[in-house]
Amino acid sequence: MDPISLSRLIEQRYRQYLLTSFYFKDKDLRKSFQEALASGHLSRGPFIEATPLFKRGKTPRELFQELSKTRVDNAFLDALLGDRPLYMHQEQAIAKAYMNHNVIIATGTGSGKTESFLYPILHYLYREFESNRLGPGVRALILYPMNALANDQRERLGEICKRLKNSNSPFQFTFGQYIGETPADKNDSFRNASDHIANRLPGELVLRSEMRETPPHILLTNYSMLEYLLLRPADSPLFDNGQAQWWKFLVLDEAHQYRGSHGIEMAMLLRRLKQRCILSSQNPQKNRVNFPTRPWVILSGPFGA
């Protein structure tokens, strides 16, 4: 890799993007804008950072079979790319979550933070399936500060479901992205329900009505929508009639975004969520052992940045 040439290429493409995005009809303004972009003040550097390699650990195949102490279905492991070695911090995070510990994943970009919280969730769902307890109901809530991040996770989950389906695995899971753009039902033309249905990924619930009727195993949303979920009677099926007893994982991805007053609001919102799970459970005393008093909270983000 030639860092100098790469830096120039990035600056050239960014300059072209700005020229096409901001077009001035006035010739003098347009000329001034073009000269400013060509003056060479768009970037500094390049700065080269030598990032040490992360230590490698066991493969998911080795780790899951060691944790479960039983044979794990090959189709499930293949869907998770089970023969690719994990990073050591990923292995530790998965093992800690398996032992019901809360986890903070504070590594940098490209360190596999997503696998560190997603693999424990999928392994838990697989164990529920093996014990014939995997019915409709939220097991994991993943909160994102931006919908774009939730979109990326949606595609990743859809790809895993696709691999499970292609390998004829008996294990399947569901997920749903519940945000402002999620259509209410198939007739919701305002939110383009037909497009959402046409672009549905394997294992995905794309309508609010679907998620209320058969809650997905993994729920993707943001903190603003979670506030509505706790308030709106229409969303009560996610919690009521015994559904609260299934809630198990709570993941705050990019948790370093919640700072100051925003962090305080998030903390209060999570307290309300835990209290809602207690009050909505048919057996509150039993449920306290599960999610509300000892949550498996996984915080993910480059906290050292």
# chains A, B, ... in the order shown; residues from 1 in each chain; ligands from 1
>>> residues_around(residues="range 51-57 of chain A", least_positions_apart="5", cutoff="12 Å", atoms="only C-alpha atoms", output="ChimeraX atom specification")
/A:62-63,83-95,107-112
>>> select_by_dssp(residues="range 81-124 of chain A", states="alpha helix (DSSP H)", output="PyMOL selection string")
chain A and resi 88-98+113-124
>>> closest_residue(among="A:Pro170, A:Arg163, A:Gln257, A:Ile4", to="Ile48 in chain A", atoms="only C-alpha atoms")
A:Ile4
>>> closest_atom_pairs(of="range 64-156 of chain A", to="range 184-202 of chain A", cutoff="10 Å", atoms="only C-alpha atoms", output="Markdown table")
| residue | atom | partner | partner_atom | distance |
| --- | --- | --- | --- | --- |
| A:Arg154 | CA | A:Leu201 | CA | 8.4 |
| A:Glu155 | CA | A:Leu201 | CA | 7.7 |
| A:Arg156 | CA | A:Leu201 | CA | 10.0 |
>>> write_last_selection(atoms="N, CA and C atoms", output="compact mmCIF listing (two decimals), in the first residue's frame")
# COMPACT_ATOMS: atom_id res chain seq x y z
N ARG A 154 -28.73 -5.41 11.06
CA ARG A 154 -29.83 -6.12 10.40
C ARG A 154 -29.30 -6.97 9.26
N GLU A 155 -28.42 -6.42 8.45
CA GLU A 155 -27.88 -7.17 7.32
C GLU A 155 -27.02 -8.34 7.80
N ARG A 156 -26.30 -8.16 8.86
CA ARG A 156 -25.46 -9.24 9.38
C ARG A 156 -26.32 -10.39 9.90
>>> residues_around(residues="Ser39 in chain A", least_positions_apart="5", cutoff="12 Å", atoms="only C-alpha atoms", output="list in words")
Glu11, Arg15, Ser32, Phe33 and Gln34 of chain A
>>> residues_around(residues="Pro136 in chain A", least_positions_apart="4", cutoff="12 Å", atoms="only C-alpha atoms", output="list in words")
Leu125, Glu128, Phe129, Gln172, Phe173, Thr174, Phe175, Leu205, Glu210, Met211, Arg212, Glu213, Thr214, Pro215, Pro216, His217, Ile218, Leu219, Pro237, Leu238, Phe239, Gly242, Gln243, Ala244, Gln245, Trp246 and Trp247 of chain A
>>> select_by_dssp(residues="range 55-252 of chain A", states="strand (DSSP E)", output="list in words")
Val103, Ile104, Ile105, Ala140, Leu141, Ile142, Leu143, Tyr144, Phe175, Gly176, Gln177, Glu204, Leu205, Ile218, Leu219, Leu220, Thr221, Asn222, Phe249, Leu250, Val251 and Leu252 of chain A
>>> residues_around(residues="Pro3 in chain A", least_positions_apart="6", cutoff="10 Å", atoms="only C-alpha atoms", output="list in words")
Leu9, Gly45, Pro46, Phe47 and Ile48 of chain A
>>> write_last_selection(atoms="N, CA and C atoms", output="short mmCIF file (atom, residue, chain, number, x, y, z; two decimals), in the first residue's frame")
data_model
loop_
_atom_site.label_atom_id
_atom_site.label_comp_id
_atom_site.auth_asym_id
_atom_site.auth_seq_id
_atom_site.Cartn_x
_atom_site.Cartn_y
_atom_site.Cartn_z
N LEU A 9 -5.81 10.08 -3.25
CA LEU A 9 -7.01 9.55 -3.89
C LEU A 9 -8.24 9.83 -3.04
N GLY A 45 -1.88 15.42 6.77
CA GLY A 45 -1.27 14.10 6.81
C GLY A 45 -0.81 13.67 5.43
N PRO A 46 -0.79 12.38 5.16
CA PRO A 46 -1.39 11.31 5.98
C PRO A 46 -0.58 10.98 7.23
N PHE A 47 -1.30 10.51 8.25
CA PHE A 47 -0.67 10.05 9.47
C PHE A 47 -0.77 8.52 9.52
N ILE A 48 0.32 7.88 9.72
CA ILE A 48 0.37 6.42 9.71
C ILE A 48 0.43 5.92 11.15
#
>>> atom_distance(atom1="CA of Met146 in chain A", atom2="CA of Asn222 in chain A")
6.9 Å
>>> atom_distance(atom1="CA of Leu37 in chain A", atom2="CA of Asp2 in chain A")
23.5 Å
>>> closest_residue(among="A:Asp253, A:Glu204, A:Glu130, A:Asp78", to="Asn166 in chain A", atoms="only C-alpha atoms")
A:Asp78
>>> atom_distance(atom1="CA of Met225 in chain A", atom2="CA of Ile104 in chain A")
23.6 Å
>>> closest_residue(among="A:Glu227, A:Asp28, A:Glu254, A:Asp240", to="Leu269 in chain A", atoms="only C-alpha atoms")
A:Glu227
>>> closest_residue(among="A:Ser43, A:Ser224, A:Thr59, A:Ser21", to="Leu143 in chain A", atoms="only C-alpha atoms")
A:Ser224
>>> decode(residues="range 165-196 of chain A", atoms="N, CA and C atoms", output="tab-separated table (two decimals), in the first residue's frame")
chain	number	residue	atom	x	y	z
A	165	LYS	N	-30.39	-21.33	6.84
A	165	LYS	CA	-31.42	-21.87	5.94
A	165	LYS	C	-30.80	-22.68	4.83
A	166	ASN	N	-29.71	-22.19	4.24
A	166	ASN	CA	-29.07	-22.89	3.13
A	166	ASN	C	-28.46	-24.22	3.56
A	167	SER	N	-28.07	-24.32	4.83
A	167	SER	CA	-27.47	-25.56	5.34
A	167	SER	C	-28.53	-26.50	5.92
A	168	ASN	N	-29.82	-26.12	5.78
A	168	ASN	CA	-30.93	-26.94	6.30
A	168	ASN	C	-30.81	-27.18	7.81
A	169	SER	N	-30.35	-26.17	8.51
A	169	SER	CA	-30.24	-26.30	9.96
A	169	SER	C	-31.63	-26.28	10.60
A	170	PRO	N	-31.90	-27.16	11.57
A	170	PRO	CA	-33.19	-27.11	12.26
A	170	PRO	C	-33.33	-25.89	13.15
A	171	PHE	N	-32.20	-25.26	13.49
A	171	PHE	CA	-32.22	-24.07	14.34
A	171	PHE	C	-32.42	-22.82	13.48
A	172	GLN	N	-33.42	-22.03	13.83
A	172	GLN	CA	-33.69	-20.75	13.18
A	172	GLN	C	-34.04	-19.73	14.26
A	173	PHE	N	-33.72	-18.48	14.03
A	173	PHE	CA	-34.10	-17.42	14.97
A	173	PHE	C	-34.69	-16.26	14.19
A	174	THR	N	-35.36	-15.37	14.91
A	174	THR	CA	-35.99	-14.22	14.27
A	174	THR	C	-35.41	-12.93	14.85
A	175	PHE	N	-35.49	-11.87	14.07
A	175	PHE	CA	-35.04	-10.56	14.53
A	175	PHE	C	-35.90	-9.49	13.86
A	176	GLY	N	-35.94	-8.33	14.48
A	176	GLY	CA	-36.72	-7.23	13.92
A	176	GLY	C	-36.12	-5.89	14.29
A	177	GLN	N	-36.17	-4.98	13.34
A	177	GLN	CA	-35.68	-3.62	13.56
A	177	GLN	C	-36.88	-2.71	13.78
A	178	TYR	N	-37.07	-2.28	15.03
A	178	TYR	CA	-38.23	-1.47	15.39
A	178	TYR	C	-37.76	-0.03	15.58
A	179	ILE	N	-37.94	0.77	14.53
A	179	ILE	CA	-37.56	2.18	14.57
A	179	ILE	C	-38.70	3.01	14.00
A	180	GLY	N	-38.48	4.30	13.85
A	180	GLY	CA	-39.55	5.16	13.36
A	180	GLY	C	-40.03	4.80	11.97
A	181	GLU	N	-39.12	4.27	11.12
A	181	GLU	CA	-39.49	3.94	9.74
A	181	GLU	C	-40.15	2.57	9.62
A	182	THR	N	-40.25	1.82	10.71
A	182	THR	CA	-40.85	0.49	10.64
A	182	THR	C	-42.35	0.60	10.39
A	183	PRO	N	-42.89	0.00	9.32
A	183	PRO	CA	-44.33	0.12	9.01
A	183	PRO	C	-45.19	-0.52	10.09
A	184	ALA	N	-46.38	0.05	10.29
A	184	ALA	CA	-47.31	-0.48	11.28
A	184	ALA	C	-47.85	-1.84	10.83
A	185	ASP	N	-48.25	-1.93	9.57
A	185	ASP	CA	-48.78	-3.18	9.02
A	185	ASP	C	-48.56	-3.15	7.51
A	186	LYS	N	-49.08	-4.17	6.81
A	186	LYS	CA	-48.84	-4.28	5.37
A	186	LYS	C	-49.54	-3.18	4.58
A	187	ASN	N	-50.49	-2.48	5.19
A	187	ASN	CA	-51.21	-1.41	4.51
A	187	ASN	C	-50.64	-0.02	4.78
A	188	ASP	N	-49.52	0.04	5.50
A	188	ASP	CA	-48.91	1.32	5.88
A	188	ASP	C	-48.13	1.88	4.69
A	189	SER	N	-48.81	2.61	3.84
A	189	SER	CA	-48.15	3.19	2.66
A	189	SER	C	-47.28	4.38	3.03
A	190	PHE	N	-47.58	5.04	4.15
A	190	PHE	CA	-46.79	6.21	4.58
A	190	PHE	C	-45.34	5.80	4.84
A	191	ARG	N	-45.14	4.60	5.40
A	191	ARG	CA	-43.79	4.11	5.69
A	191	ARG	C	-43.34	3.07	4.66
A	192	ASN	N	-43.98	3.06	3.51
A	192	ASN	CA	-43.58	2.19	2.40
A	192	ASN	C	-43.52	0.72	2.81
A	193	ALA	N	-44.63	0.22	3.34
A	193	ALA	CA	-44.68	-1.16	3.83
A	193	ALA	C	-44.35	-2.16	2.73
A	194	SER	N	-44.82	-1.91	1.51
A	194	SER	CA	-44.57	-2.86	0.41
A	194	SER	C	-43.09	-3.02	0.13
A	195	ASP	N	-42.32	-1.93	0.23
A	195	ASP	CA	-40.88	-2.02	0.02
A	195	ASP	C	-40.20	-2.82	1.12
A	196	HIS	N	-40.63	-2.60	2.36
A	196	HIS	CA	-40.05	-3.34	3.48
A	196	HIS	C	-40.33	-4.83	3.33
